[in-house]
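Have a look at query_6.cif; it's mmCIF, C-alpha atoms and all ligand atoms:
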```
data_data
loop_
_atom_site.label_atom_id
_atom_site.label_comp_id
_atom_site.auth_asym_id
_atom_site.auth_seq_id
_atom_site.Cartn_x
_atom_site.Cartn_y
_atom_site.Cartn_z
CA MET A 819 0.35 -13.94 -15.20
CA LYS A 820 -3.00 -12.24 -14.55
CA LEU A 821 -3.60 -8.79 -15.95
CA ALA A 822 -3.93 -6.86 -12.68
CA GLY A 823 -2.72 -3.88 -10.65
CA ALA A 824 -0.12 -1.54 -12.10
CA SER A 825 0.52 -3.71 -15.16
CA ALA A 826 -3.18 -3.64 -16.10
CA ILE A 827 -3.48 0.13 -15.69
CA THR A 828 -0.27 0.60 -17.69
CA ARG A 829 -1.67 -1.49 -20.53
CA ILE A 830 -4.86 0.55 -20.59
CA ALA A 831 -2.88 3.82 -20.49
CA LEU A 832 -0.95 2.66 -23.56
CA ASN A 833 -4.18 1.90 -25.45
CA PRO A 834 -7.17 3.52 -23.72
CA GLU A 835 -9.49 3.10 -26.72
CA CYS A 836 -9.38 -0.71 -26.50
CA GLY A 837 -12.21 -2.27 -24.45
CA ARG A 838 -11.08 -5.84 -25.05
CA GLN A 839 -8.20 -5.49 -22.60
CA VAL A 840 -10.72 -4.41 -19.95
CA SER A 841 -12.71 -7.58 -20.57
CA MET A 842 -9.49 -9.58 -20.05
CA LEU A 843 -8.77 -7.66 -16.86
CA ARG A 844 -12.27 -8.28 -15.49
CA SER A 845 -12.09 -12.00 -16.27
CA GLY A 846 -9.43 -12.56 -13.56
CA LEU A 847 -7.68 -14.95 -15.98
CA SER A 848 -4.15 -14.80 -17.30
CA GLU A 849 -3.95 -13.62 -20.91
CA PRO A 850 -3.14 -17.08 -22.34
CA GLU A 851 -6.07 -18.53 -20.31
CA TYR A 852 -8.37 -15.86 -21.70
CA TYR A 853 -7.11 -16.63 -25.22
CA GLN A 854 -7.89 -20.30 -24.67
CA ARG A 855 -11.37 -19.57 -23.36
CA LEU A 856 -12.01 -17.37 -26.38
CA THR A 857 -10.66 -19.66 -29.08
CA GLY A 858 -10.81 -23.10 -27.51
CA GLU A 859 -7.10 -23.50 -28.39
CA PRO A 860 -4.07 -23.23 -26.11
CA TYR A 861 -2.06 -20.03 -26.59
CA PRO A 862 0.41 -20.97 -29.34
CA ASP A 863 3.58 -19.17 -28.19
CA GLU A 864 5.51 -18.45 -25.05
CA TYR A 865 3.76 -15.48 -23.48
CA GLY A 866 5.08 -12.50 -21.56
CA GLU A 867 8.55 -11.55 -20.54
CA ARG A 868 11.14 -14.05 -21.71
CA LEU A 869 12.52 -16.39 -19.06
CA SER A 870 16.00 -14.89 -19.51
CA ALA A 871 14.63 -11.37 -18.85
CA ARG A 872 12.75 -12.57 -15.76
CA ARG A 873 15.91 -14.23 -14.45
CA ARG A 874 17.93 -11.06 -15.07
CA GLY A 875 15.30 -8.98 -13.23
CA ALA A 876 15.28 -11.35 -10.26
CA LYS A 877 19.09 -11.37 -10.11
CA PHE A 878 19.24 -7.57 -10.25
CA GLU A 879 16.82 -7.29 -7.34
CA ARG A 880 18.61 -10.00 -5.33
CA ASN A 881 21.92 -8.17 -5.81
CA ALA A 882 20.42 -4.83 -4.84
CA TYR A 883 18.69 -6.14 -1.69
CA ALA A 884 21.52 -8.39 -0.45
CA ASN A 885 23.59 -7.49 2.64
CA TYR A 886 21.04 -5.14 4.11
CA ALA A 887 20.59 -3.59 0.63
CA ALA A 888 24.25 -2.52 0.45
CA GLN A 889 24.16 -1.66 -3.27
CA LEU A 890 20.89 0.24 -2.94
CA ARG A 891 22.20 2.18 0.04
CA ASP A 892 25.24 3.23 -2.01
CA ALA A 893 23.06 4.26 -4.95
CA LEU A 894 20.55 6.21 -2.82
CA SER A 895 22.81 7.73 -0.16
CA GLU A 896 23.07 11.16 -1.83
CA ILE A 897 19.33 11.46 -2.48
CA VAL A 898 18.31 10.43 1.01
CA GLY A 899 21.07 12.58 2.49
CA VAL A 900 22.43 9.93 4.87
CA PRO A 901 25.80 8.10 4.61
CA ALA A 902 25.26 4.63 3.12
CA ALA A 903 26.45 2.90 6.30
CA GLN A 904 23.83 4.72 8.40
CA ILE A 905 20.80 4.23 6.15
CA TRP A 906 17.91 2.42 7.86
CA VAL A 907 16.29 -0.19 5.60
CA ARG A 908 13.15 -2.25 6.12
CA ASN A 909 12.24 -5.05 3.75
CA MET A 910 8.50 -5.81 3.80
CA GLY A 911 9.14 -8.84 1.59
CA ASP A 912 11.32 -10.35 4.35
CA GLU A 913 9.11 -9.23 7.23
CA GLU A 914 5.87 -10.51 5.65
CA PRO A 915 6.75 -12.81 2.76
CA GLY A 916 4.15 -14.52 0.57
CA LEU A 917 1.86 -13.89 -2.38
CA ARG A 918 -1.48 -14.55 -0.72
CA GLU A 919 -4.03 -11.83 -0.02
CA ALA A 920 -3.42 -12.14 3.73
CA ASN A 921 0.33 -11.52 3.20
CA ARG A 922 -0.43 -8.44 1.10
CA ILE A 923 -2.77 -7.08 3.75
CA ARG A 924 -0.11 -7.53 6.43
CA ARG A 925 2.54 -5.81 4.24
CA TRP A 926 0.06 -3.00 3.55
CA ARG A 927 -0.60 -2.52 7.29
CA LEU A 928 3.15 -2.34 7.98
CA THR A 929 3.63 0.12 5.12
CA MET A 930 0.78 2.35 6.31
CA ARG A 931 2.21 2.38 9.83
CA ILE A 932 5.59 3.52 8.50
CA LEU A 933 3.96 6.24 6.36
CA ALA A 934 2.00 7.43 9.40
CA ASP A 935 5.23 7.55 11.43
CA GLN A 936 6.90 9.63 8.75
CA VAL A 937 4.00 12.08 8.53
CA ALA A 938 3.96 12.42 12.31
CA GLY A 939 7.72 13.10 12.41
CA ARG A 940 8.61 9.84 14.17
CA PRO A 941 11.79 7.94 13.18
CA CYS A 942 11.31 5.83 10.08
CA PRO A 943 13.46 3.95 7.54
CA GLN A 944 15.01 5.81 4.64
CA ILE A 945 14.50 2.83 2.33
CA LEU A 946 11.46 0.62 2.30
CA ILE A 947 11.79 -2.48 0.12
CA GLN A 948 8.67 -4.13 -1.34
CA PRO A 949 6.12 -1.92 0.38
CA GLN A 950 2.45 -2.54 -0.33
CA LEU A 951 0.11 0.26 -1.38
CA HIS A 952 -3.50 0.31 -2.46
CA ILE A 953 -5.40 2.53 -4.89
CA THR A 954 -9.04 3.37 -5.56
CA ALA A 955 -8.29 6.72 -7.25
CA ASP A 956 -11.21 8.53 -5.57
CA GLY A 957 -13.64 5.81 -6.57
CA LEU A 958 -12.56 5.68 -10.23
CA ILE A 959 -11.48 2.08 -9.62
CA GLU A 960 -14.32 -0.14 -8.47
CA LYS A 961 -14.14 -1.56 -4.95
CA PRO A 962 -12.03 -3.11 -3.56
CA GLY A 963 -9.45 -1.24 -5.71
CA PHE A 964 -6.03 -2.47 -6.83
CA TRP A 965 -2.94 -3.47 -4.90
CA ILE A 966 0.11 -1.55 -6.07
CA ALA A 967 3.60 -2.67 -5.06
CA PRO A 968 6.53 -0.38 -5.90
CA ASP A 969 9.92 -2.03 -5.71
CA ILE A 970 10.97 0.54 -3.12
CA LEU A 971 10.01 3.77 -1.39
CA PHE A 972 12.85 6.06 -0.40
CA LEU A 973 12.87 9.17 1.72
CA GLU A 974 13.95 12.11 -0.39
CA ARG A 975 16.10 14.47 1.63
CA THR A 976 15.09 17.80 0.05
CA ARG A 977 11.33 17.46 0.67
CA ASN A 978 11.51 14.88 3.48
CA ILE A 979 8.94 12.79 1.67
CA TYR A 980 8.74 9.21 0.44
CA ARG A 981 9.06 8.66 -3.30
CA PRO A 982 8.40 5.46 -5.23
CA ALA A 983 11.08 3.90 -7.41
CA ASP A 984 11.29 0.83 -9.59
CA LEU A 985 14.35 -1.26 -10.28
CA LYS A 986 14.67 -1.93 -13.99
CA SER A 987 17.16 -4.53 -15.02
CA PHE A 988 17.71 -3.22 -18.57
CA VAL A 989 21.42 -2.69 -18.77
CA VAL A 990 22.04 0.96 -19.64
CA ARG A 991 25.07 3.20 -19.94
CA GLY A 992 24.81 6.62 -18.36
CA ASN A 993 21.07 6.12 -17.55
CA LYS A 994 20.15 6.26 -21.26
CA VAL A 995 17.13 4.06 -21.92
CA GLU A 996 15.02 3.09 -24.95
CA ARG A 997 12.00 5.41 -25.31
CA ALA A 998 9.45 2.57 -25.33
CA ASP A 999 10.93 1.02 -22.17
CA LEU A 1000 10.89 4.34 -20.40
CA GLU A 1001 7.29 5.11 -21.42
CA ARG A 1002 6.04 1.91 -19.77
CA SER A 1003 8.26 2.41 -16.71
CA ARG A 1004 7.06 6.00 -16.27
CA LEU A 1005 3.44 4.92 -16.36
CA GLN A 1006 4.11 2.22 -13.76
CA VAL A 1007 5.85 4.61 -11.38
CA ALA A 1008 3.12 7.22 -11.99
CA ILE A 1009 0.54 4.68 -10.74
CA GLN A 1010 2.73 4.04 -7.70
CA SER A 1011 2.95 7.76 -7.03
CA LEU A 1012 -0.86 8.10 -7.20
CA ALA A 1013 -1.23 5.15 -4.81
CA LEU A 1014 1.39 6.66 -2.48
CA HIS A 1015 -0.42 10.02 -2.39
CA GLU A 1016 -3.71 8.25 -1.64
CA SER A 1017 -2.02 6.38 1.22
CA LEU A 1018 -0.38 9.55 2.57
CA ARG A 1019 -3.74 11.36 2.59
CA THR A 1020 -5.25 8.39 4.45
CA VAL A 1021 -2.66 8.74 7.23
CA GLY A 1022 -3.33 12.48 7.50
CA ASP A 1023 -0.61 14.05 5.33
CA SER A 1024 -1.77 17.57 4.50
CA ARG A 1025 1.35 18.72 2.64
CA THR A 1026 1.19 19.71 -1.01
CA LEU A 1027 2.27 16.55 -2.79
CA ASN A 1028 3.90 16.38 -6.21
CA HIS A 1029 4.47 13.41 -8.43
CA ILE A 1030 8.16 12.56 -8.51
CA GLY A 1031 9.39 9.03 -9.03
CA GLY A 1032 12.69 7.24 -9.46
CA PHE A 1033 14.06 4.70 -11.92
CA ILE A 1034 17.00 2.58 -10.93
CA PHE A 1035 18.57 0.95 -13.96
CA ALA A 1036 21.32 -1.64 -14.07
CA THR A 1037 24.88 -0.73 -14.94
CA PRO A 1038 26.71 -3.03 -17.36
CA TYR A 1039 29.02 -3.93 -14.49
CA GLY A 1040 27.65 -7.02 -12.75
CA LEU A 1041 24.02 -5.85 -12.78
CA SER A 1042 24.57 -3.32 -10.02
CA PRO A 1043 22.21 -0.32 -9.63
CA HIS A 1044 22.83 3.08 -11.21
CA LYS A 1045 22.08 6.16 -9.13
CA PRO A 1046 18.31 6.73 -9.43
CA GLN A 1047 17.03 8.87 -12.23
CA LEU A 1048 14.38 11.14 -10.65
CA GLU A 1049 11.60 12.49 -12.84
CA ALA A 1050 8.50 14.65 -12.54
CA LEU A 1051 5.68 12.36 -13.57
CA ASP A 1052 2.81 14.79 -14.21
CA GLY A 1053 2.41 13.80 -17.88
CA SER A 1054 2.33 10.10 -17.03
CA VAL A 1055 -0.02 10.67 -14.07
CA ASP A 1056 -2.39 12.46 -16.45
CA ARG A 1057 -2.31 9.45 -18.82
CA VAL A 1058 -2.95 7.10 -15.91
CA GLN A 1059 -5.95 9.15 -14.76
CA LYS A 1060 -7.34 9.08 -18.31
CA ALA A 1061 -6.74 5.31 -18.37
CA LEU A 1062 -8.76 4.93 -15.16
CA ILE A 1063 -11.61 6.90 -16.72
CA ALA A 1064 -11.38 4.65 -19.81
CA LEU A 1065 -11.37 1.58 -17.54
CA ARG A 1066 -14.61 2.72 -15.96
CA ARG A 1067 -16.18 3.64 -19.34
CA HIS A 1068 -15.35 0.28 -20.90
CA GLY A 1069 -16.55 -1.48 -17.74
CA GLU A 1070 -19.92 0.27 -17.95
CA TYR A 1071 -20.19 -0.63 -21.64
CA LEU A 1072 -19.41 -4.29 -20.90
CA ASP A 1073 -22.01 -4.32 -18.08
CA ALA A 1074 -24.64 -2.88 -20.43
CA LEU A 1075 -23.78 -5.45 -23.13
CA LYS A 1076 -24.02 -8.27 -20.62
CA LYS A 1077 -27.33 -7.04 -19.31
CA ALA A 1078 -28.77 -6.71 -22.81
CA ASP A 1079 -27.60 -10.24 -23.59
CA GLY A 1080 -29.10 -11.85 -20.50
CA GLY A 1081 -25.78 -12.18 -18.63
CA ALA A 1082 -23.75 -14.13 -21.21
CA PRO A 1083 -20.01 -14.49 -20.39
CA GLU A 1084 -18.10 -11.44 -21.57
CA HIS A 1085 -15.68 -13.29 -23.83
CA LEU A 1086 -18.63 -14.43 -25.99
CA MET A 1087 -19.49 -10.79 -26.71
CA LEU A 1088 -16.00 -9.70 -27.64
CA ASP A 1089 -16.90 -8.97 -31.26
CA SER A 1090 -19.11 -6.13 -30.00
CA VAL A 1091 -16.36 -4.64 -27.80
CA PRO A 1092 -14.26 -1.83 -29.29
CA MET A 1093 -10.66 -2.65 -30.14
CA HIS A 1094 -7.88 -0.34 -31.20
CA PHE A 1095 -5.16 -2.34 -32.86
CA GLN A 1096 -1.68 -0.79 -32.85
CA GLU A 1097 1.81 -1.97 -33.77
CA ARG A 1098 2.71 -2.34 -30.11
CA CYS A 1099 -0.15 -4.87 -29.64
CA MET A 1100 2.02 -7.49 -31.36
CA LYS A 1101 4.56 -7.31 -28.56
CA SER A 1102 2.25 -6.70 -25.63
CA CYS A 1103 -1.10 -8.48 -25.96
CA ALA A 1104 -2.09 -12.15 -26.19
CA LEU A 1105 -5.03 -11.27 -28.44
CA ALA A 1106 -2.87 -9.50 -31.04
CA ARG A 1107 -3.19 -12.11 -33.79
CA LEU A 1108 -6.97 -12.30 -33.33
CA CYS A 1109 -7.37 -8.51 -33.50
CA GLN A 1110 -4.99 -8.29 -36.43
CA GLN A 1111 -7.22 -10.65 -38.42
CA HIS A 1112 -9.96 -8.00 -38.33
CA HIS A 1113 -7.70 -5.69 -40.31
CA GLU A 1114 -6.49 -7.97 -43.07
CA GLY A 1115 -5.84 -6.09 -46.30
CA LYS A 1116 -6.13 -2.77 -44.47
CA ALA A 1117 -3.60 -0.06 -43.57
CA HIS A 1118 -2.91 -1.77 -40.22
CA GLU A 1119 -0.83 -4.34 -42.10
CA LEU A 1120 1.73 -1.60 -42.81
CA GLY A 1121 1.82 -0.19 -39.26
CA ASP A 1122 0.61 2.82 -37.27
CA ALA A 1123 2.07 5.42 -39.65
CA ALA A 1124 0.07 3.95 -42.56
CA VAL A 1125 -3.12 3.98 -40.45
CA GLU A 1126 -2.51 7.61 -39.66
CA LEU A 1127 -1.97 8.44 -43.33
CA LEU A 1128 -4.71 6.31 -44.89
CA GLY A 1129 -7.21 5.78 -42.06
CA PRO A 1130 -7.92 2.39 -40.47
CA GLU A 1131 -10.57 1.27 -42.99
CA THR A 1132 -8.76 2.00 -46.25
CA ASP A 1133 -8.22 -1.08 -48.35
CA LEU A 1134 -4.54 -1.47 -49.30
CA ASP A 1135 -5.34 -2.57 -52.90
CA ARG A 1136 -7.45 0.55 -53.35
CA ALA A 1137 -4.73 2.75 -51.84
CA PHE A 1138 -2.19 1.26 -54.27
CA ALA A 1139 -4.57 1.85 -57.19
CA LEU A 1140 -5.02 5.49 -56.12
CA MET A 1141 -1.26 5.91 -55.90
CA SER A 1142 -0.95 4.45 -59.41
CA GLY A 1143 -3.41 6.96 -60.87
CA ALA A 1144 -6.92 5.47 -60.38
CA LYS A 1145 -9.65 8.14 -60.30
CA PRO A 1146 -10.79 8.97 -56.73
CA LYS A 1147 -14.50 8.30 -56.12
CA THR A 1148 -14.94 10.35 -52.93
CA GLU A 1149 -13.47 13.41 -51.26
CA ARG A 1150 -11.65 11.13 -48.78
CA GLU A 1151 -10.11 9.15 -51.66
CA ARG A 1152 -9.00 12.40 -53.26
CA GLU A 1153 -7.19 13.30 -50.00
CA ILE A 1154 -5.59 9.87 -49.81
CA ALA A 1155 -4.45 10.02 -53.45
CA ALA A 1156 -2.88 13.45 -52.85
CA ALA A 1157 -1.14 12.28 -49.65
CA LEU A 1158 0.23 9.19 -51.39
CA LYS A 1159 1.41 11.16 -54.42
CA ASN A 1160 3.15 13.57 -52.11
CA LEU A 1161 4.80 10.71 -50.24
CA ASN A 1162 5.82 8.99 -53.46
CA ALA A 1163 7.43 12.18 -54.80
CA SER A 1164 10.23 11.84 -52.22
CA PHE A 1165 11.20 8.48 -53.73
CA ALA A 1166 10.73 9.39 -57.40
CA ALA A 1167 14.21 10.88 -57.68
CA ILE A 1168 15.91 7.74 -56.33
CA PRO A 1169 17.24 5.64 -59.24
CA ARG A 1170 15.60 2.20 -59.25
CA ALA A 1171 17.75 -0.95 -59.27
CA ALA A 1172 17.48 -2.88 -62.54
S1 LIG B 1201 -4.34 -6.76 -29.43
FE1 LIG B 1201 -6.51 -6.34 -29.49
S2 LIG B 1201 -7.20 -6.61 -27.39
FE2 LIG B 1201 -5.00 -6.43 -27.31
S3 LIG B 1201 -4.65 -4.26 -26.95
FE3 LIG B 1201 -4.53 -4.58 -29.15
S4 LIG B 1201 -6.58 -4.14 -29.88
FE4 LIG B 1201 -6.74 -4.44 -27.67
#
```

Serialized structure, structure tokens:
Amino acid sequence: MKLAGASAITRIALNPECGRQVSMLRSGLSEPEYYQRLTGEPYPDEYGERLSARRRGAKFERNAYANYAAQLRDALSEIVGVPAAQIWVRNMGDEEPGLREANRIRRWRLTMRILADQVAGRPCPQILIQPQLHITADGLIEKPGFWIAPDILFLERTRNIYRPADLKSFVVRGNKVERADLERSRLQVAIQSLALHESLRTVGDSRTLNHIGGFIFATPYGLSPHKPQLEALDGSVDRVQKALIALRRHGEYLDALKKADGGAPEHLMLDSVPMHFQERCMKSCALARLCQQHHEGKAHELGDAAVELLGPETDLDRAFALMSGAKPKTEREREIAAALKNLNASFAAIPRAA
């Protein structure tokens, strides 16, 4: 899958210091393709979401959208303030199916017409499945911008305004979700909310808009949807806006590098592009093993907490020597030795196994 749209912005929001991801994004290639171009070797593992997870996600959505979205109508009835049997649903995926640009443009036109109807007070559906939005973030994203496709928009009764929501097929009890899963989901829905606000302004909405989004998780009972969990997304929107600034900054840096190098392909200049290796890279990025190799023997091998304690450039052998009593040579080494001694003190009282 290509790194594009909401997934690309989410990745940058999770690691805004890394310019290499931006190079991947600009290449228009999928991550394994980019890896192959860079190394000359095919990507060695299965990449991305596991097939079983993709199947579960597809089944969850099929269940939710079947029978005029019966399960979704049940889950959303209270929030939209209309009895489930009377909820009006439109499914852009059915009305304009297809993955081509022309299909997206037609879905986007339909979506914009519905948003304009809502702003003008004309009748409109309470649930919009697979709408198509577009974002330029006031020019922060280079033209032509990114397509953003929330799973649904629903009309929230209290403010009479559309809100984006994503269906997440992780099975949860009582809407309790893993922190890491929720962080990524929040960023994705924050991007959708920004794109929705941009679209509403385009159709003349002058109301004060706030960033609220919904998460619809799966119950353990036959992958049916929980009631949506609504959240204020200001913190995530802030991270997304910073990610867009980082995207632009890295893009300008890559342009300057290219210009200085006479227009060489970007992947050949990757050694000059800043990276910021983190534990989460191992799970989320096709370049993880390549970036990890740059940190062999360094704190990164022990994880983010060790990097925070020792600094990214500290050699692990030297850190161990300092912990074992070697004399510090610099002020920084003195700090590291003190921090390690302090850390070690907590374990000193634990009897060692023979
Ligand atoms: S693995 Fe490398 S390229 Fe990928 S996000 Fe981490 S530092 Fe950036």

Inset, instruction - List the neighbours of Gly1022 in chain A out to 9 Å using only C-alpha atoms; skip same-chain residues closer than 4 positions along the sequence, and give me the result as number ranges by chain. - result: A: 934, 937-938, 1017-1018

Legend entry - All residues 9 Å or closer to range 1049-1058 of chain A, all atoms listed in the file, same chain fewer than 2 positions away omitted, as a PyMOL selection string: chain A and resi 827-828+830-832+1001+1004-1009+1011-1012+1028-1033+1047+1060-1063

Inset, instruction - Return as a VMD selection string the residues of protein, DNA or RNA that approach ligand LIG 1201 (chain B) to within 10 Å, with only C-alpha atoms and all ligand atoms taken into account. - result: chain A and resid 829 to 830 832 to 842 849 1088 1091 to 1112

Legend entry - Near-Leu951 in chain A list (10 Å; all atoms listed in the file; drop same-chain fewer than 2 positions) as a PyMOL selection string: chain A and resi 922-923+925-927+929-930+948-949+953+964-968+1010-1017

Inset, instruction - Between A:Ile947, A:Val898, A:Ala1123, A:Ile979, single out the one closest to Arg1025 in chain A, counting all atoms listed in the file. - result: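 Comparing A:Ile947, A:Val898, A:Ala1123, A:Ile979 against Arg1025 in chain A, the winner is A:Ile979.
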
Legend entry - Ser987 in chain A environment, 8 Å, only C-alpha atoms, sequence neighbours closer than 6 positions dropped, as a list in words: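 Returned residues: Arg874, Gly875, Phe878, Phe1035, Ala1036 and Leu1041 of chain A.
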
Can you write just those residues out, C-alpha atoms, as a PDB file, keeping the file's coordinate frame?
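Okay, this is what ended up in part20.pdb:
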```pdb
ATOM      1  CA  ARG A 874      17.930 -11.060 -15.070  1.00  0.00           C
ATOM      2  CA  GLY A 875      15.300  -8.980 -13.230  1.00  0.00           C
ATOM      3  CA  PHE A 878      19.240  -7.570 -10.250  1.00  0.00           C
ATOM      4  CA  PHE A1035      18.570   0.950 -13.960  1.00  0.00           C
ATOM      5  CA  ALA A1036      21.320  -1.640 -14.070  1.00  0.00           C
ATOM      6  CA  LEU A1041      24.020  -5.850 -12.780  1.00  0.00           C
TER       7      LEU A1041
END
```

Inset, instruction - Record the distance separating CA of Ala955 in chain A and CA of Gln1059 in chain A, expressed in Å with one decimal. - result: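 Rounded to one decimal, the two atoms are 8.2 Å apart.
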